[in-house]
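Colleague: Contents of structure-v5.txt (compact mmCIF, C-alpha atoms and all ligand atoms):
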```txt
# COMPACT_ATOMS: atom_id res chain seq x y z
CA MET A 84 -16.29 30.48 11.81
CA ILE A 85 -15.78 33.90 10.22
CA SER A 86 -12.64 36.04 10.21
CA ALA A 87 -12.23 39.72 9.43
CA THR A 88 -9.09 41.80 9.00
CA ALA A 89 -9.09 45.53 9.73
CA PHE A 90 -6.48 48.23 9.18
CA ALA A 91 -6.34 51.48 11.17
CA HIS A 92 -3.84 54.32 11.45
CA PRO A 93 -2.78 55.96 14.71
CA ASN A 94 -3.85 59.53 15.36
CA ILE A 95 -2.38 62.42 17.27
CA ALA A 96 -4.45 64.96 19.15
CA LEU A 97 -3.91 68.56 18.06
CA VAL A 98 -6.30 69.67 20.81
CA LYS A 99 -5.96 67.19 23.63
CA TYR A 100 -8.25 64.83 25.49
CA TRP A 101 -7.18 64.80 29.14
CA GLY A 102 -9.68 63.95 31.90
CA LYS A 103 -12.65 61.62 32.21
CA ARG A 104 -16.23 62.51 33.13
CA ASP A 105 -17.13 58.82 33.43
CA LEU A 106 -14.52 56.19 34.11
CA ARG A 107 -16.63 53.11 33.34
CA LEU A 108 -17.87 54.34 29.95
CA ASN A 109 -14.59 56.16 29.27
CA LEU A 110 -16.27 59.50 28.64
CA PRO A 111 -14.04 62.54 28.28
CA SER A 112 -14.31 65.77 30.27
CA VAL A 113 -13.34 67.76 27.18
CA SER A 114 -13.71 67.57 23.41
CA SER A 115 -10.61 66.97 21.30
CA LEU A 116 -9.45 67.20 17.69
CA SER A 117 -6.92 64.97 15.95
CA LEU A 118 -5.02 64.20 12.78
CA THR A 119 -4.96 60.59 11.58
CA LEU A 120 -1.42 59.67 10.57
CA GLY A 121 -0.10 57.53 7.75
CA PRO A 122 1.56 55.46 6.55
CA TRP A 123 1.92 53.67 9.89
CA ARG A 124 -0.94 51.34 10.70
CA THR A 125 -2.18 48.43 12.79
CA GLN A 126 -3.48 45.27 11.10
CA THR A 127 -5.82 43.15 13.22
CA ARG A 128 -7.45 39.85 12.28
CA VAL A 129 -10.26 38.51 14.46
CA THR A 130 -11.56 34.96 14.10
CA TRP A 131 -14.99 34.72 15.65
CA GLY A 132 -15.46 31.16 16.87
CA SER A 133 -12.18 29.39 17.52
CA TYR A 134 -11.15 26.62 19.84
CA GLU A 135 -10.07 28.96 22.67
CA ASP A 136 -9.38 32.67 23.32
CA ARG A 137 -5.94 33.61 22.00
CA VAL A 138 -4.27 36.98 21.45
CA SER A 139 -1.12 37.62 19.44
CA LEU A 140 0.61 41.01 19.43
CA ASP A 141 3.47 41.83 17.06
CA GLY A 142 4.24 38.18 16.38
CA SER A 143 3.96 36.66 19.89
CA TRP A 144 1.08 35.06 21.74
CA ILE A 145 0.44 37.16 24.85
CA GLU A 146 -1.23 36.71 28.23
CA GLY A 147 -1.63 39.08 31.17
CA SER A 148 -3.20 42.52 31.31
CA ALA A 149 -2.82 43.44 27.61
CA ALA A 150 -4.59 40.22 26.53
CA VAL A 151 -7.26 40.70 29.23
CA LYS A 152 -7.99 44.20 27.86
CA VAL A 153 -8.37 42.88 24.32
CA LEU A 154 -10.69 40.03 25.40
CA ALA A 155 -12.74 42.36 27.62
CA HIS A 156 -13.28 44.51 24.56
CA LEU A 157 -14.65 41.50 22.66
CA ASP A 158 -17.00 40.84 25.63
CA ARG A 159 -18.21 44.43 25.31
CA ILE A 160 -18.92 43.88 21.61
CA ASP A 161 -20.87 40.68 22.37
CA PRO A 162 -21.22 39.41 25.96
CA ARG A 163 -22.27 35.98 24.61
CA ARG A 164 -19.43 35.68 22.13
CA PRO A 165 -17.68 32.42 21.26
CA PRO A 166 -13.93 31.95 21.91
CA CYS A 167 -11.95 34.14 19.50
CA THR A 168 -8.46 34.48 18.04
CA VAL A 169 -7.01 37.97 17.69
CA VAL A 170 -3.79 38.56 15.75
CA SER A 171 -2.63 42.18 15.75
CA ASP A 172 0.52 43.68 14.26
CA ASN A 173 1.83 47.23 14.11
CA ASP A 174 4.08 48.17 11.21
CA PHE A 175 5.55 50.98 13.30
CA PRO A 176 7.99 50.78 16.19
CA THR A 177 6.47 50.62 19.64
CA GLY A 178 7.75 53.38 21.92
CA ALA A 179 7.74 55.79 19.00
CA GLY A 180 5.43 58.07 20.91
CA LEU A 181 2.37 57.38 18.83
CA ALA A 182 -0.38 55.67 20.74
CA SER A 183 -0.68 52.22 19.23
CA SER A 184 -3.71 51.79 21.48
CA ALA A 185 -5.61 54.23 19.23
CA SER A 186 -5.01 52.32 15.99
CA GLY A 187 -5.13 49.02 17.91
CA PHE A 188 -8.58 49.44 19.43
CA ALA A 189 -9.99 51.01 16.27
CA ALA A 190 -8.82 48.02 14.20
CA LEU A 191 -9.93 45.53 16.87
CA THR A 192 -13.43 47.04 17.05
CA LEU A 193 -13.86 47.10 13.29
CA ALA A 194 -12.54 43.55 12.75
CA ALA A 195 -14.49 42.05 15.67
CA CYS A 196 -17.83 43.62 14.70
CA ALA A 197 -17.36 42.49 11.07
CA ALA A 198 -16.37 38.96 12.09
CA ALA A 199 -19.39 38.82 14.43
CA GLN A 200 -21.56 39.97 11.51
CA GLN A 201 -22.86 42.92 13.49
CA ASP A 202 -24.34 45.67 11.37
CA ARG A 203 -23.16 48.81 13.16
CA SER A 204 -22.93 52.43 12.04
CA ILE A 205 -19.53 54.08 12.08
CA ASP A 206 -20.64 56.23 15.05
CA GLU A 207 -21.52 53.06 16.99
CA LEU A 208 -18.12 51.60 16.10
CA SER A 209 -16.47 54.78 17.36
CA ILE A 210 -18.44 54.58 20.64
CA LEU A 211 -17.28 51.00 21.12
CA ALA A 212 -13.66 51.85 20.24
CA ARG A 213 -13.79 54.72 22.77
CA GLN A 214 -14.48 52.23 25.55
CA GLY A 215 -11.31 50.30 24.67
CA SER A 216 -9.13 53.40 24.51
CA GLY A 217 -10.42 56.97 24.34
CA SER A 218 -8.25 58.16 21.48
CA ALA A 219 -9.21 55.07 19.42
CA CYS A 220 -12.64 56.58 18.71
CA ARG A 221 -10.90 59.11 16.43
CA SER A 222 -8.95 56.54 14.37
CA LEU A 223 -12.00 55.26 12.42
CA TRP A 224 -11.74 58.26 10.10
CA GLY A 225 -8.89 59.66 8.02
CA GLY A 226 -7.64 63.24 8.07
CA PHE A 227 -8.92 65.65 10.72
CA VAL A 228 -11.39 64.29 13.28
CA GLN A 229 -13.25 65.88 16.17
CA TRP A 230 -14.38 63.95 19.25
CA ASN A 231 -17.13 65.82 21.05
CA ARG A 232 -17.26 65.23 24.79
CA GLY A 233 -21.05 64.85 24.58
CA GLN A 234 -23.61 65.53 27.32
CA ARG A 235 -25.52 62.28 27.69
CA PRO A 236 -24.72 60.08 30.71
CA ASP A 237 -24.82 56.96 28.49
CA GLY A 238 -22.15 58.35 26.15
CA THR A 239 -24.16 57.87 22.95
CA ASP A 240 -23.24 61.41 21.83
CA SER A 241 -19.50 61.02 22.55
CA HIS A 242 -17.78 59.74 19.42
CA GLY A 243 -15.55 60.86 16.58
CA ALA A 244 -16.79 62.92 13.64
CA PRO A 245 -14.83 63.75 10.48
CA ILE A 246 -13.94 67.38 9.75
CA ALA A 247 -11.81 67.06 6.60
CA ASP A 248 -10.31 64.04 4.84
CA GLN A 249 -6.62 63.29 4.35
CA ASP A 250 -6.46 65.08 0.98
CA HIS A 251 -7.77 68.36 2.39
CA TRP A 252 -4.37 69.78 3.34
CA ASP A 253 -0.75 68.72 2.84
CA VAL A 254 0.51 68.85 6.43
CA SER A 255 3.12 66.67 8.13
CA MET A 256 3.75 65.52 11.67
CA VAL A 257 7.45 65.09 12.32
CA VAL A 258 8.00 62.72 15.26
CA ALA A 259 11.23 63.04 17.27
CA VAL A 260 11.85 59.97 19.42
CA VAL A 261 13.96 61.61 22.14
CA HIS A 262 13.79 58.85 24.74
CA ASP A 263 13.03 55.13 24.56
CA GLY A 264 11.61 53.59 27.66
CA PRO A 265 8.42 52.48 29.32
CA LYS A 266 5.76 55.05 30.12
CA SER A 267 6.06 56.06 33.79
CA VAL A 268 2.36 56.59 34.53
CA GLY A 269 -0.46 55.41 32.24
CA SER A 270 -2.93 57.94 30.84
CA THR A 271 -5.92 56.84 32.97
CA GLU A 272 -3.98 57.13 36.23
CA GLY A 273 -2.42 60.40 35.06
CA MET A 274 -5.82 61.88 34.18
CA LEU A 275 -7.32 60.93 37.54
CA ARG A 276 -4.40 62.32 39.51
CA THR A 277 -4.44 65.58 37.55
CA ALA A 278 -8.19 66.05 37.94
CA GLN A 279 -8.02 65.38 41.68
CA THR A 280 -4.97 67.45 42.57
CA SER A 281 -3.98 70.11 40.01
CA PRO A 282 -5.12 73.66 40.85
CA LEU A 283 -4.98 74.40 37.11
CA TYR A 284 -7.38 71.62 36.11
CA GLN A 285 -10.48 73.84 36.16
CA THR A 286 -8.82 76.29 33.74
CA TRP A 287 -8.05 73.35 31.47
CA LEU A 288 -11.74 72.40 31.45
CA ASP A 289 -12.89 76.00 31.02
CA THR A 290 -10.79 76.66 27.91
CA ALA A 291 -10.84 73.33 26.06
CA GLU A 292 -14.03 73.75 24.02
CA ALA A 293 -12.93 77.16 22.70
CA ASN A 294 -9.60 75.59 21.65
CA VAL A 295 -11.42 72.86 19.72
CA HIS A 296 -13.56 75.47 17.98
CA THR A 297 -10.48 77.54 17.01
CA ALA A 298 -8.69 74.43 15.69
CA HIS A 299 -11.76 73.33 13.73
CA GLU A 300 -11.96 76.73 11.99
CA ALA A 301 -8.20 76.72 11.32
CA VAL A 302 -8.42 73.29 9.66
CA LEU A 303 -11.28 74.40 7.41
CA LYS A 304 -9.38 77.58 6.45
CA ARG A 305 -6.05 75.71 6.10
CA ASP A 306 -4.52 78.27 8.48
CA ILE A 307 -1.35 76.54 9.75
CA GLN A 308 -0.37 79.38 12.09
CA ALA A 309 -3.74 79.43 13.86
CA LEU A 310 -3.77 75.63 14.11
CA GLY A 311 -0.17 75.48 15.34
CA GLU A 312 -0.75 78.13 17.98
CA VAL A 313 -3.88 76.54 19.41
CA MET A 314 -2.20 73.11 19.33
CA GLU A 315 0.74 74.40 21.38
CA SER A 316 -1.61 76.17 23.75
CA SER A 317 -3.60 72.98 24.37
CA THR A 318 -0.39 70.95 24.77
CA PHE A 319 1.27 73.28 27.27
CA LYS A 320 -1.94 73.71 29.28
CA MET A 321 -2.32 69.93 29.51
CA HIS A 322 1.29 69.53 30.63
CA ALA A 323 0.86 72.41 33.11
CA THR A 324 -1.97 70.48 34.78
CA MET A 325 0.30 67.42 34.90
CA HIS A 326 3.27 69.38 36.31
CA THR A 327 1.09 70.89 39.05
CA ALA A 328 -0.49 67.58 40.07
CA SER A 329 0.47 66.04 43.41
CA PRO A 330 2.79 64.23 43.13
CA PRO A 331 3.85 66.03 39.93
CA LEU A 332 3.58 64.15 36.69
CA ILE A 333 6.46 64.99 34.40
CA TYR A 334 6.58 63.01 31.17
CA TRP A 335 9.33 65.16 29.66
CA GLN A 336 13.00 64.20 29.46
CA PRO A 337 15.94 66.55 28.79
CA GLY A 338 15.68 65.74 25.06
CA THR A 339 12.04 66.89 25.10
CA VAL A 340 13.01 70.40 26.19
CA ALA A 341 15.97 70.52 23.78
CA ALA A 342 13.70 69.57 20.87
CA ILE A 343 11.09 72.16 21.87
CA GLN A 344 13.78 74.87 21.98
CA ALA A 345 15.10 73.81 18.57
CA VAL A 346 11.62 74.19 17.07
CA PHE A 347 11.19 77.62 18.68
CA GLU A 348 14.54 78.68 17.15
CA LEU A 349 13.47 77.41 13.73
CA ARG A 350 10.27 79.41 14.02
CA LYS A 351 12.27 82.57 14.75
CA ARG A 352 13.94 81.94 11.38
CA GLY A 353 10.52 82.06 9.69
CA VAL A 354 9.61 78.36 9.38
CA GLY A 355 6.06 77.54 10.51
CA ALA A 356 6.50 74.62 12.95
CA TRP A 357 4.69 73.93 16.24
CA VAL A 358 5.23 71.29 18.95
CA THR A 359 2.98 68.85 20.72
CA MET A 360 3.63 66.16 23.36
CA ASP A 361 1.34 63.52 24.84
CA ALA A 362 1.69 61.38 27.96
CA GLY A 363 5.32 60.68 27.11
CA PRO A 364 8.61 62.40 26.24
CA GLN A 365 8.46 62.36 22.42
CA VAL A 366 8.07 65.65 20.56
CA LYS A 367 5.83 65.82 17.50
CA VAL A 368 6.00 68.81 15.21
CA LEU A 369 3.19 70.06 12.97
CA CYS A 370 4.20 71.85 9.78
CA LEU A 371 3.33 72.15 6.11
CA SER A 372 4.85 69.23 4.22
CA LYS A 373 7.12 71.58 2.26
CA ASP A 374 8.87 72.41 5.58
CA ALA A 375 9.14 68.83 6.89
CA ASP A 376 12.78 68.36 5.76
CA ASP A 377 13.88 71.52 7.64
CA VAL A 378 12.05 70.35 10.75
CA GLN A 379 13.55 66.87 10.52
CA ARG A 380 17.07 68.33 10.20
CA ILE A 381 16.86 70.53 13.32
CA LEU A 382 15.35 67.71 15.41
CA GLN A 383 17.97 65.11 14.46
CA PRO A 384 20.68 66.19 17.00
CA HIS A 385 18.19 65.85 19.87
CA ALA A 386 16.56 62.55 18.92
CA GLN A 387 17.34 58.87 18.57
CA ARG A 388 15.37 58.96 15.34
CA VAL A 389 13.02 61.28 13.51
CA GLU A 390 10.08 60.12 11.39
CA VAL A 391 8.02 62.21 8.99
CA LEU A 392 4.34 61.25 8.87
CA ARG A 393 1.52 62.55 6.69
CA ALA A 394 -2.26 62.52 6.98
CA GLY A 395 -3.64 58.98 6.88
CA GLY A 396 -6.92 57.59 5.55
CA PRO A 397 -9.88 55.91 7.25
CA ALA A 398 -9.85 52.50 8.88
CA THR A 399 -10.90 49.66 6.56
CA VAL A 400 -12.06 46.06 6.97
CA ARG A 401 -12.60 42.94 4.89
CA VAL A 402 -14.34 39.71 5.84
CA HIS A 403 -13.12 36.27 4.84
CA ALA A 404 -14.80 32.92 5.39
CA ASP A 405 -12.26 30.38 6.67
O1 LIG B 501 -6.74 57.36 24.73
P1 LIG B 501 -5.81 57.34 25.89
O2 LIG B 501 -6.43 56.81 27.12
O3 LIG B 501 -4.50 56.67 25.56
O4 LIG B 501 -5.42 58.86 26.25
C1 LIG B 501 -4.83 59.74 25.32
C2 LIG B 501 -4.36 60.98 25.97
C3 LIG B 501 -3.48 61.87 25.14
O5 LIG B 501 -2.74 61.13 24.19
C4 LIG B 501 -2.49 62.57 26.07
C5 LIG B 501 -4.26 62.96 24.42
C6 LIG B 501 -5.11 62.55 23.25
O6 LIG B 501 -6.12 63.22 23.01
O7 LIG B 501 -4.78 61.58 22.53
```
Mind turning the file's structure into structure tokens?

Modeller:
Amino acid sequence: MISATAFAHPNIALVKYWGKRDLRLNLPSVSSLSLTLGPWRTQTRVTWGSYEDRVSLDGSWIEGSAAVKVLAHLDRIDPRRPPCTVVSDNDFPTGAGLASSASGFAALTLAACAAAQQDRSIDELSILARQGSGSACRSLWGGFVQWNRGQRPDGTDSHGAPIADQDHWDVSMVVAVVHDGPKSVGSTEGMLRTAQTSPLYQTWLDTAEANVHTAHEAVLKRDIQALGEVMESSTFKMHATMHTASPPLIYWQPGTVAAIQAVFELRKRGVGAWVTMDAGPQVKVLCLSKDADDVQRILQPHAQRVEVLRAGGPATVRVHAD
């Protein structure tokens, strides 16, 4: 019996992944680019070879669909695996608008492969993590990460790749939690509905790769304005495809719009700050770290709480014999 414990940070897409070219392999229709965020992280311990399959999440043993998803991921890693115990804890609040599935499946993949004594490259780990949750394939690395959509039908060229590590640039992501509550429509269902029904979806596909290229160059040049502008463009295009789906998919709440307007006002006063939203109501604001206090202050009246996050490092793992 071998156990391994992995740590992984969540990440937020600056240029978004929205749409799947293959549902079974979880292959994206577009490339995306993200920032790994610290200090928040998921810690996951996998014991390979226990008495029965058991999954604990944030201190409680769980059953049902979340546990099934975790165990199915272990089956993917080794279809002939023994019963396993998985104990996973997030040190950040759930519902904070940062996908814990990204850090969760990155940490699960890393811990499970180590506990199973599989010798896999980091690209292979990213490919496996992608099949648990798309955005998880970017959380293996720290700093800025690009996930290329890839061309191959088997998905072997669709994984994360590092662009610049967490020390490259002192940027912050200020997270305004404007609304607590369960997600109305999950990302897979939302992506399928958008692709099938939004008249804007083709434009989304046609412009995504150029956005990734622009963001990549902006990261390398440390050009916050160029990165902020392309991030907002990607965000609002993605939400435009959601809003024009049938039935419409609106993740925003009144506080979302109020926070967006507050950031636009701040920008008029000369502070470089740009917004992004995912499949939920929370508003996340990209800025240089020197401006994070200003951003936090203007978001406070519109949010239940505001958290300032910085670039995080790569996922890590250690093995222990029980
Ligand atoms: O990885 P998923 O299936 O949770 O989808 C993530 C989708 C977005 O968060 C909206 C965008 C992204 O690239 O993370």

Colleague: In Å to one decimal, how far is atom CA of Glu146 of chain A from atom CA of Cys220 of chain A?

Modeller: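 It comes out at 24.8 Å.
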
Colleague: 10 Å from ligand LIG 501 (chain B) is the threshold here; counting only C-alpha atoms and all ligand atoms, which polymer residues fall inside it? Answer as JSON, numbers by chain.

Modeller: {"A": [93, 94, 95, 96, 97, 98, 99, 100, 101, 102, 103, 109, 111, 113, 114, 115, 116, 117, 180, 181, 182, 183, 184, 185, 188, 212, 213, 214, 215, 216, 217, 218, 219, 220, 221, 230, 269, 270, 271, 272, 273, 274, 318, 321, 322, 359, 360, 361, 362, 363]}

Colleague: What does the structure give for the distance between atom CA of Ser209 of chain A and atom CA of Asp240 of chain A, in Å to one decimal?

Modeller: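 Atom CA of Asp240 of chain A lies at a distance of 10.5 Å from atom CA of Ser209 of chain A.
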
Colleague: Can you work out which one of A:Val378, A:Ala190, A:Ala398, A:Val366 has the shortest atom-to-atom distance to His262 of chain A, counting only C-alpha atoms?

Modeller: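 The closest residue to His262 of chain A is A:Val366.
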
Colleague: Atom CA of Leu108 of chain A and atom CA of Trp144 of chain A, how far apart in Å?

Modeller: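 Taking atom CA of Trp144 of chain A and atom CA of Leu108 of chain A, their separation equals 28.3 Å.
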
Colleague: Using all atoms listed in the file, find the one residue out of A:Glu390, A:Asp105, A:Asp237, A:Asp374 that sits nearest to Val254 of chain A.

Modeller: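 When distances to Val254 of chain A are compared using all atoms listed in the file, the smallest one comes from A:Asp374.
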
Colleague: Which one is closest to Ala197 of chain A: A:Ala386, A:Gly132, A:Ile210, A:Arg401? Count only C-alpha atoms.

Modeller: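 Selected residue with least distance to Ala197 of chain A: A:Arg401.
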
Colleague: Rank nothing, just name the residue among A:Leu110, A:Met314, A:Gly264, A:Thr327 nearest to Tyr284 of chain A, using all atoms listed in the file.

Modeller: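 Counting all atoms listed in the file, the residue closest to Tyr284 of chain A is A:Thr327.
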
Colleague: Kindly indicate which residue among A:Gly121, A:Pro245, A:Pro397, A:Pro166 lies nearest to Val138 of chain A, using all atoms listed in the file for the distances.

Modeller: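 Between A:Gly121, A:Pro245, A:Pro397, A:Pro166, the residue approaching Val138 of chain A most closely is A:Pro166.
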
Colleague: Between A:Arg276, A:Lys367, A:Arg104, A:Arg380, which one has atoms that come closest to Leu392 of chain A, using all atoms listed in the file?

Modeller: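 Looking at the shortest contact to Leu392 of chain A, the residue is A:Lys367.
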
Colleague: Would you list the residues near (-13.4, 33.4, 6.6), meaning any protein, DNA or RNA residue with an atom at most 8 Å from that point in file coordinates, counting only C-alpha atoms, as a ChimeraX atom specification?

Modeller: /A:84-87,130,402-405

Colleague: Quick one: 5 Å padding each side, axis-aligned, all listed atoms of segment 346-360 of chain A - centre and edge lengths in Å to one decimal, as lines of an AutoDock Vina configuration file?

Modeller:
```
center_x = 8.8
center_y = 74.4
center_z = 16.4
size_x = 21.6
size_y = 26.4
size_z = 24.0
```

Colleague: Residues at most 8 Å from Trp287 of chain A, counting all atoms listed in the file, excluding those fewer than 4 positions away in the same chain, as a PDB file with C-alpha atoms, in the frame of the given file?

Modeller:
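As written to disk, part08.pdb reads:
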```pdb
ATOM      1  CA  LEU A 283      -4.980  74.400  37.110  1.00  0.00           C
ATOM      2  CA  ALA A 291     -10.840  73.330  26.060  1.00  0.00           C
ATOM      3  CA  LYS A 320      -1.940  73.710  29.280  1.00  0.00           C
ATOM      4  CA  MET A 321      -2.320  69.930  29.510  1.00  0.00           C
ATOM      5  CA  THR A 324      -1.970  70.480  34.780  1.00  0.00           C
TER       6      THR A 324
END
```

Colleague: Got a sec to check which residues sit within 12 Å of (8.4, 70.8, 18.0), counting all atoms listed in the file, and write them as an NGL selection string?

Modeller: :A and (255-261 or 311-312 or 314-315 or 318-319 or 338-350 or 354-360 or 364-370 or 375 or 377-383 or 385-386 or 389)

Colleague: Take the residues that were just selected and, keeping C-alpha atoms, output them as a PDB file, keeping the file's coordinate frame.

Modeller:
```pdb
ATOM      1  CA  SER A 255       3.120  66.670   8.130  1.00  0.00           C
ATOM      2  CA  MET A 256       3.750  65.520  11.670  1.00  0.00           C
ATOM      3  CA  VAL A 257       7.450  65.090  12.320  1.00  0.00           C
ATOM      4  CA  VAL A 258       8.000  62.720  15.260  1.00  0.00           C
ATOM      5  CA  ALA A 259      11.230  63.040  17.270  1.00  0.00           C
ATOM      6  CA  VAL A 260      11.850  59.970  19.420  1.00  0.00           C
ATOM      7  CA  VAL A 261      13.960  61.610  22.140  1.00  0.00           C
ATOM      8  CA  GLY A 311      -0.170  75.480  15.340  1.00  0.00           C
ATOM      9  CA  GLU A 312      -0.750  78.130  17.980  1.00  0.00           C
ATOM     10  CA  MET A 314      -2.200  73.110  19.330  1.00  0.00           C
ATOM     11  CA  GLU A 315       0.740  74.400  21.380  1.00  0.00           C
ATOM     12  CA  THR A 318      -0.390  70.950  24.770  1.00  0.00           C
ATOM     13  CA  PHE A 319       1.270  73.280  27.270  1.00  0.00           C
ATOM     14  CA  GLY A 338      15.680  65.740  25.060  1.00  0.00           C
ATOM     15  CA  THR A 339      12.040  66.890  25.100  1.00  0.00           C
ATOM     16  CA  VAL A 340      13.010  70.400  26.190  1.00  0.00           C
ATOM     17  CA  ALA A 341      15.970  70.520  23.780  1.00  0.00           C
ATOM     18  CA  ALA A 342      13.700  69.570  20.870  1.00  0.00           C
ATOM     19  CA  ILE A 343      11.090  72.160  21.870  1.00  0.00           C
ATOM     20  CA  GLN A 344      13.780  74.870  21.980  1.00  0.00           C
ATOM     21  CA  ALA A 345      15.100  73.810  18.570  1.00  0.00           C
ATOM     22  CA  VAL A 346      11.620  74.190  17.070  1.00  0.00           C
ATOM     23  CA  PHE A 347      11.190  77.620  18.680  1.00  0.00           C
ATOM     24  CA  GLU A 348      14.540  78.680  17.150  1.00  0.00           C
ATOM     25  CA  LEU A 349      13.470  77.410  13.730  1.00  0.00           C
ATOM     26  CA  ARG A 350      10.270  79.410  14.020  1.00  0.00           C
ATOM     27  CA  VAL A 354       9.610  78.360   9.380  1.00  0.00           C
ATOM     28  CA  GLY A 355       6.060  77.540  10.510  1.00  0.00           C
ATOM     29  CA  ALA A 356       6.500  74.620  12.950  1.00  0.00           C
ATOM     30  CA  TRP A 357       4.690  73.930  16.240  1.00  0.00           C
ATOM     31  CA  VAL A 358       5.230  71.290  18.950  1.00  0.00           C
ATOM     32  CA  THR A 359       2.980  68.850  20.720  1.00  0.00           C
ATOM     33  CA  MET A 360       3.630  66.160  23.360  1.00  0.00           C
ATOM     34  CA  PRO A 364       8.610  62.400  26.240  1.00  0.00           C
ATOM     35  CA  GLN A 365       8.460  62.360  22.420  1.00  0.00           C
ATOM     36  CA  VAL A 366       8.070  65.650  20.560  1.00  0.00           C
ATOM     37  CA  LYS A 367       5.830  65.820  17.500  1.00  0.00           C
ATOM     38  CA  VAL A 368       6.000  68.810  15.210  1.00  0.00           C
ATOM     39  CA  LEU A 369       3.190  70.060  12.970  1.00  0.00           C
ATOM     40  CA  CYS A 370       4.200  71.850   9.780  1.00  0.00           C
ATOM     41  CA  ALA A 375       9.140  68.830   6.890  1.00  0.00           C
ATOM     42  CA  ASP A 377      13.880  71.520   7.640  1.00  0.00           C
ATOM     43  CA  VAL A 378      12.050  70.350  10.750  1.00  0.00           C
ATOM     44  CA  GLN A 379      13.550  66.870  10.520  1.00  0.00           C
ATOM     45  CA  ARG A 380      17.070  68.330  10.200  1.00  0.00           C
ATOM     46  CA  ILE A 381      16.860  70.530  13.320  1.00  0.00           C
ATOM     47  CA  LEU A 382      15.350  67.710  15.410  1.00  0.00           C
ATOM     48  CA  GLN A 383      17.970  65.110  14.460  1.00  0.00           C
ATOM     49  CA  HIS A 385      18.190  65.850  19.870  1.00  0.00           C
ATOM     50  CA  ALA A 386      16.560  62.550  18.920  1.00  0.00           C
ATOM     51  CA  VAL A 389      13.020  61.280  13.510  1.00  0.00           C
TER      52      VAL A 389
END
```

Colleague: Please identify all polymer residues within 12 Å of Gln201 of chain A, counting only C-alpha atoms, omitting same-chain residues fewer than 3 positions from it, and present them as an MDAnalysis selection string.

Modeller: chainID A and resid 85 87 131 160:161 164 192:198 204:205 207:208 402

Colleague: Name all residues at most 12 Å from Val151 of chain A (count only C-alpha atoms; drop same-chain ones fewer than 3 positions away) and give them as JSON, numbers by chain.

Modeller: {"A": [136, 137, 138, 139, 145, 146, 147, 148, 154, 155, 156, 157, 158, 169, 215]}
